[in-house]
Amino acid sequence: MNYAWDAIVNHVARKISEAAEITVTSADLVAPPKPELGDLAFGCFVLAKSQGKSPADIAVALTEKLNAHTKDHLIASVTAAGPYVNVTLKAGEVISRIVQDVERDKNSYGASEDGEKKKVMLEYANQNTHKEVHVGHARVFVLGASVAKLLQRNGWSVITAGYHGDIGAHVAKCLWLFVRQAASVIPQPVEKKKKGVEPAKPMNPDEWAQFVLTHLDAEMAKAMLEKIPADERTGKYLGKMYSESTKVLEENPEWKDEVSDVQRKLEAKDAGWDVIWQETRRWSMDEFAHIYEDLRMNIDKTYVESDMVAEGQAMVDELVKKGVAKESQGAMVVDLEAEKLGVFLVRKSDGTSLYSTKDLALAFRKIKDYPDLSRSLVMIDLRQSLYFKQLFQTLKMMGMKQDLQMVGFEFVTLKNGAMSSREGNIVTLQSFRDEVVAVAKTETATRHPDWPQGKIEHVSWCLAMAGIKYGMLKQDTEKIIVFDLEKALSFDGDTGPYIQYAATRLASILKKADWKPETGLKEGDLSLLKEQTERRLALQIAALPRDIRRAGAELKPSVIAQWCFGMAQRTNDFYRDVKVIDGEPELKAPRLRLIASALSTLIIGLDLLGITVPEEM
RNA sequence: GUCCUGAUAGCUCAAUGGAUAGAGCUCUAGCCUUCUAAGCUAGUGAUGAAGGUUCGAUUCCUUCUCGGGACACCA
C-alpha cells in the first residue's frame with residue numbers, strides 16, 4: 001500500500017537533501033517532541049561533524065536556505081531550534097491526503113504485505129486439562145489472538161493452534177483423588193446369603209476406596225461421574241482436586257504408588273479409568289471452548305499430548321539409532337554441550353515419555369498437517385526459554401528446516417506474590433471475568449436506566465472484554481504483569497473502555513449529523529481544516545500503518561495498544577476543541593469526513609487487540 | 001556456581017542513540033441549559049550505583065547492588 005504520509009516525509013527529505021547537499025532519507029526525519037515545534041524535524045549532527053561547525057549554526061543556515069526556496073505545496077514553514085530544523089506542514093494538505101488514504105483503503109487501511117502470503121502457525125493456547133484456567137492464561141490468550149491478527153494484517157496466512165497437556169502426572173494425581181473420594185458413593189456389593197454362610201463383612205471406607213482404585217470398571221466409573229452436579233463439572237473443580245491431591249500426597253507419601261498405578265492404567269486405557277479420563281477431560285475441553293468463544297479467540301487446530309506419546313517415543317528410538325541421543329543415567333538425552341545448551345532429556349529412565357518426547361512429535365505433526373508451513377511460532381512463558389532452545393536445536397539436528405521461533409512472555413503475578421494452587425490464591429479467569437462484567441453492568445445500568453436489559457448485557461460484555469484485553473496487552477510482553485483486581489475493574493484513564501468511549505463519541509457525532517459514507521464522502525473540502533487538534537488527529541491516523549508493521553515484525557501488540565490510547569487522547573482533544581455540528585458551516589462536511597476516518601481507523605486498531613466498539617456506551 | 005532477565009514519579013507503565021524523560025492511577029482545585037463528565041483543565045513528582053563508547057546515553061558496553069527466572073527424569 002502507498003500512503004500519503006510516506007510520500008510527504010519523502011518529499012520533505014528530498015527538499016532537505018537539496019538544501020543540505022547530502023542525502024537525507026525519510027529515516028533521518030523524526031517527530032519533534034512537542035507538536036507546536038512542527039511536524040517533522042531534521043537533526044544537523046552528521047553535517048556538523050563533516051563541516052566542522054556547530055549543529056545549531058548549520059540548522060540556522062539550512063533553515064535560511066530552505067526558506068529561500070519558498071512556496072512549497074506541502075511545507076508551511078521551516079524554523080531552526082537549536083540543532084534541529086523543524087518543518088511545519090500545511091495542515092489542510094496533510095489532513096486531506098491522510099483522510100483520503102483511509103477513505104480509499106477502508107477496512108484494509110494499514111495492511112502490509114510483509115508476510116508475502118506465507119503460512120505461519122502460531123501455537124498459543126497451551127493450558128492443561130484437569131486444571132483451572134486462571135488470569136495468567138488470559139494473558140497468553142489475548143496476546144496470541146492479537147498476534148494472530150497482527151500477522152494476518154501484515155500479509156501472513158495464519159494457522160492458530162492449541163496444545164493441551166491432557167495426560168501425565170497431574171492428570172493421574174487429580175483422578176486418583178477423585179476416585180478415592182467418589183468411592184463412597186458406590187454401594188458395596190451385598191453378598192447373597194447362602195445357607196450356613198455368614199454374609200461378607202462390609203469393608204471400612206479406606207479398604208473400600210482401595211478396592212475401588214484397583215477394581216474400577218466402566219459401570220462404577222459412570223456411577224461416580226453421575227453424582228457430580230453439573231455446575232461442578234469444571235476445570236476449577238478438577239484443579240482443586242489436583243492441588244488437594246498434591247497436598248494429601250505430601251502428607252501421605254505411601255500413597256504415591258497408588259498414583260503411579262493410576263498413571264499406568266490411564267496410559268494403558270484401562271476400561272474404568274478411561275471412562276473417568278474421557279469424561280473429566282471433556283469438562284476441561286468444553287470449558288476451554290466456552291472461554292475461547294467468550295474471548296472471541298479463534299483456534300484453527302487443536303493438539304493434545306495424549307496423541308503424541310507413541311510418535312514421540314518412536315522418534316526417540318530413531319534418535320538413538322542415529323546416534324543423536326544416547327543413554328545417560330538410565331535416561332535418554334541429546335548432548336547439546338557443543339551449543340552450550342547442556343543436555344536435553346528426551347525420555348525418562350523408567351522408559352516413559354516427557355514433555356520433550358511429545359514436543360518432538362508435535363513439531364513434525366504440524367508440518368505433516370500443513371506441509372507448506374514456512375514458519376512455526378510457539379507463544380510460551382519465558383521461563384521455558386532454555387527448554388525451547390534445546391528443543392529447536394534437536395529438531396534442527398533431526399532435519400527440520402522451518403523457521404522455528406519461541407515468542408516468550410512474562411507471567412502474571414498477584415500483588416502479594418505469585419499465584420500458587422497450594423496457597424489457594426489462584427484467581428480463575430471465570431471469576432475475574434464475571435466480576436469485570438458485573439462492574440460494567442452496574443456502571444452501564446446507572447448511566448442508561450432507560451436501556452433494555454439485552455442492550456445493557458451486550459454493552460457490558462463489550463466493555464468488560466475491552467478492560468481485560470487492553471489491560472493484558474498494553475504492557476510489553478517481556479514485563480511481568482502485577483495483577484491488581486481493583487485496577488482491573490477500573491474503566492478510567494489508560495484502559496480499554498476509555499478508548500471505546502472516545503470511539504463512541506465520534507460515532508455519536510456522525511449519527512447526530514446523520515452522516516452517511518455514500519453521500520458524506522463526496523462533500524466538503526478537507527483542505528480547509530487547519531486546527532491544531534485536527535492536524536494532530538490526522539497525524540495519529542497516519543501513524544497506524546507503520547505501527548502495524550512494527551508490531552507485526554516484533555510480535556508486540558503493545559505497540560498497537562499505545563497507538564489506540566494516543567488515538568483516544570487525540571479524539572478527546574478534538575472533541576473538546578472543535579464543534580462539528582454547530583461549528584462553522586463550511587467546515588462541517590470535511591470535519592465529518594475526518595471523524596469518520598478517525599473512527600474507522602480506531603476500530604481497525606482496536607480490532608487488532610480483539611476489542612470491539614459498542615454503538616453507544 | 002553458570003546463564004537469562006528486570007530496575008524510570010508514592011503506585012502501575014511509556015520513551016527506532018537525540019530537543020525541557022512522557023502517560024495513567026492516587027491527591028488537590030476547577031468544568032455538565034454547549035456533538036455522551038467512562039470526559040476535560042491546572043498543580044505535585046522519577047532514569048538503582050560507578051565507569052566507558054559517542055557531538056549526544058533511560059537506550060549500547062563493563063563492573064557493582066537489589067529483585068525475578070532457568071540450569072536431568074514436572075509441564
# chains A, B, ... in the order shown; residues from 1 in each chain; ligands from 1

$ closest_atom_pairs --of "segment 3-80 of chain A" --to "segment 12-25 of chain B" --cutoff "8 Å" --atoms "only C-alpha atoms (C1' of nucleotides)" --output "Markdown table"
| residue | atom | partner | partner_atom | distance |
| --- | --- | --- | --- | --- |
| A:Pro32 | CA | B:A19 | C1' | 7.8 |
| A:Pro33 | CA | B:A19 | C1' | 7.1 |
| A:Gly43 | CA | B:G18 | C1' | 7.8 |

$ interface_residues --of "chain A" --to "chain B" --cutoff "8 Å" --atoms "only C-alpha atoms (C1' of nucleotides)" --output "PyMOL selection string"
chain A and resi 32-33+43+45+49+82+84+165+331+343-345+347-349+354-355+383-386+475+479+491-494+497-498+501+505+508-509+512+572+576+579-582+617

$ residues_around --residues "A7 of chain B" --least-positions-apart "2" --cutoff "9 Å" --atoms "only C-alpha atoms (C1' of nucleotides)" --output "PyMOL selection string"
chain B and resi 48+66-67

$ closest_residue --among "A:Leu414, A:Ile541, A:Cys462, A:Leu592" --to "Val437 of chain A" --atoms "only C-alpha atoms"
A:Cys462

$ residues_around --residues "Leu150 of chain A" --least-positions-apart "4" --cutoff "12 Å" --atoms "only C-alpha atoms (C1' of nucleotides)" --output "ChimeraX atom specification"
/A:110-115,122,143-146,154-158,545,547-561,604-610

$ residues_around --residues "Met241 of chain A" --least-positions-apart "4" --cutoff "7 Å" --atoms "only C-alpha atoms (C1' of nucleotides)" --output "list in words"
Cys174, Leu177, Phe178, Tyr237 and Ser245 of chain A

$ residues_around --residues "Ala589 of chain A" --least-positions-apart "4" --cutoff "12 Å" --atoms "only C-alpha atoms (C1' of nucleotides)" --output "list in words"
Ile509, Leu510, Ala513, Asp514, Trp515, Lys516, Pro517, Thr519, Gly520, Leu521, Lys522, Glu523, Gly524, Asp525, Leu526, Ser527, Leu528, Leu529, Val580, Ile581, Asp582, Gly583, Glu584, Pro585, Arg593, Leu594, Ile595 and Ala596 of chain A

$ atom_distance --atom1 "atom CA of Ile98 of chain A" --atom2 "atom CA of Ala59 of chain A"
28.7 Å

$ closest_residue --among "A:Ala464, A:Met224, A:Val613, A:Ser184" --to "Pro205 of chain A" --atoms "only C-alpha atoms"
A:Ser184

$ atom_distance --atom1 "atom CA of Gly272 of chain A" --atom2 "atom CA of Ser243 of chain A"
23.1 Å

$ closest_residue --among "A:Met285, A:Leu341, A:Ala361, A:Ala4" --to "U2 of chain B" --atoms "only C-alpha atoms (C1' of nucleotides)"
A:Leu341

$ atom_distance --atom1 "atom CA of Tyr292 of chain A" --atom2 "atom CA of Phe432 of chain A"
15.2 Å

$ select_by_dssp --residues "segment 297-390 of chain A" --states "alpha helix (DSSP H)" --output "ChimeraX atom specification"
/A:309-322,355-369,385-390

$ residues_around --residues "U62 of chain B" --least-positions-apart "2" --cutoff "12 Å" --atoms "only C-alpha atoms (C1' of nucleotides)" --output "MDAnalysis selection string"
chainID B and resid 50:53 60 64

$ select_by_dssp --residues "segment 18-246 of chain A" --states "strand (DSSP E or B)" --output "PyMOL selection string"
chain A and resi 29-30+40-43+75-81+84-89+119-125+134+157-164

$ write_last_selection --atoms "N, CA and C atoms" --output "short mmCIF file (atom, residue, chain, number, x, y, z; two decimals), in the first residue's frame"
data_model
loop_
_atom_site.label_atom_id
_atom_site.label_comp_id
_atom_site.auth_asym_id
_atom_site.auth_seq_id
_atom_site.Cartn_x
_atom_site.Cartn_y
_atom_site.Cartn_z
N LEU A 29 14.38 11.73 9.39
CA LEU A 29 13.43 12.72 9.91
C LEU A 29 12.69 12.14 11.11
N VAL A 30 12.58 12.93 12.15
CA VAL A 30 11.88 12.47 13.36
C VAL A 30 10.74 13.44 13.69
N LEU A 40 7.82 17.67 11.39
CA LEU A 40 8.98 16.84 11.10
C LEU A 40 10.24 17.61 11.48
N ALA A 41 11.23 16.88 11.93
CA ALA A 41 12.45 17.55 12.34
C ALA A 41 13.66 16.83 11.78
N PHE A 42 14.69 17.63 11.45
CA PHE A 42 15.95 17.07 10.99
C PHE A 42 17.07 17.56 11.90
N GLY A 43 17.78 16.62 12.51
CA GLY A 43 18.89 16.98 13.39
C GLY A 43 20.17 17.12 12.57
N ILE A 75 4.97 22.34 2.46
CA ILE A 75 5.64 22.91 3.63
C ILE A 75 5.10 24.30 3.93
N ALA A 76 4.65 24.49 5.16
CA ALA A 76 4.12 25.80 5.55
C ALA A 76 5.23 26.69 6.07
N SER A 77 6.08 26.13 6.92
CA SER A 77 7.18 26.94 7.45
C SER A 77 8.33 26.06 7.92
N VAL A 78 9.51 26.67 7.94
CA VAL A 78 10.70 25.97 8.43
C VAL A 78 11.36 26.87 9.47
N THR A 79 11.66 26.28 10.64
CA THR A 79 12.32 27.09 11.66
C THR A 79 13.48 26.31 12.25
N ALA A 80 14.48 27.03 12.72
CA ALA A 80 15.62 26.40 13.38
C ALA A 80 15.41 26.49 14.88
N ALA A 81 15.64 25.38 15.54
CA ALA A 81 15.56 25.37 17.01
C ALA A 81 16.71 24.54 17.52
N TYR A 84 18.21 21.55 15.53
CA TYR A 84 17.18 20.97 14.67
C TYR A 84 16.60 21.96 13.69
N VAL A 85 16.26 21.43 12.52
CA VAL A 85 15.46 22.16 11.55
C VAL A 85 14.05 21.60 11.64
N ASN A 86 13.11 22.42 12.06
CA ASN A 86 11.74 21.94 12.23
C ASN A 86 10.87 22.38 11.07
N VAL A 87 10.15 21.41 10.53
CA VAL A 87 9.29 21.68 9.38
C VAL A 87 7.84 21.57 9.80
N THR A 88 7.09 22.62 9.54
CA THR A 88 5.65 22.57 9.78
C THR A 88 4.96 22.44 8.43
N LEU A 89 4.10 21.46 8.34
CA LEU A 89 3.44 21.19 7.08
C LEU A 89 2.14 21.98 6.96
N LYS A 119 2.73 -19.12 4.92
CA LYS A 119 1.97 -19.71 6.00
C LYS A 119 2.76 -19.77 7.31
N VAL A 120 2.14 -19.32 8.37
CA VAL A 120 2.79 -19.35 9.68
C VAL A 120 1.82 -19.98 10.67
N MET A 121 2.34 -20.84 11.53
CA MET A 121 1.50 -21.37 12.60
C MET A 121 1.85 -20.68 13.90
N LEU A 122 0.83 -20.28 14.62
CA LEU A 122 1.03 -19.67 15.93
C LEU A 122 0.33 -20.55 16.97
N GLU A 123 1.14 -21.24 17.76
CA GLU A 123 0.59 -22.07 18.83
C GLU A 123 0.60 -21.24 20.10
N TYR A 124 -0.54 -21.02 20.67
CA TYR A 124 -0.54 -20.17 21.88
C TYR A 124 -1.49 -20.62 22.97
N ALA A 125 -2.49 -21.44 22.65
CA ALA A 125 -3.43 -21.87 23.70
C ALA A 125 -2.92 -23.19 24.26
N HIS A 134 -6.65 -19.72 34.78
CA HIS A 134 -6.58 -18.52 35.64
C HIS A 134 -6.19 -17.28 34.84
N SER A 157 -0.41 -15.81 6.12
CA SER A 157 -1.52 -16.73 6.22
C SER A 157 -1.33 -17.48 7.53
N VAL A 158 -2.23 -17.26 8.46
CA VAL A 158 -2.00 -17.70 9.84
C VAL A 158 -2.88 -18.89 10.24
N ILE A 159 -2.24 -19.90 10.82
CA ILE A 159 -2.97 -21.00 11.44
C ILE A 159 -2.75 -20.87 12.95
N THR A 160 -3.82 -20.78 13.71
CA THR A 160 -3.65 -20.72 15.16
C THR A 160 -3.83 -22.12 15.74
N ALA A 161 -3.07 -22.42 16.76
CA ALA A 161 -3.13 -23.76 17.32
C ALA A 161 -3.14 -23.74 18.85
N GLY A 162 -3.73 -24.79 19.40
CA GLY A 162 -3.71 -25.01 20.83
C GLY A 162 -3.10 -26.38 21.09
N TYR A 163 -2.47 -26.53 22.22
CA TYR A 163 -1.84 -27.81 22.56
C TYR A 163 -2.07 -28.03 24.05
N HIS A 164 -2.69 -29.13 24.38
CA HIS A 164 -3.10 -29.32 25.77
C HIS A 164 -2.47 -30.54 26.43
#
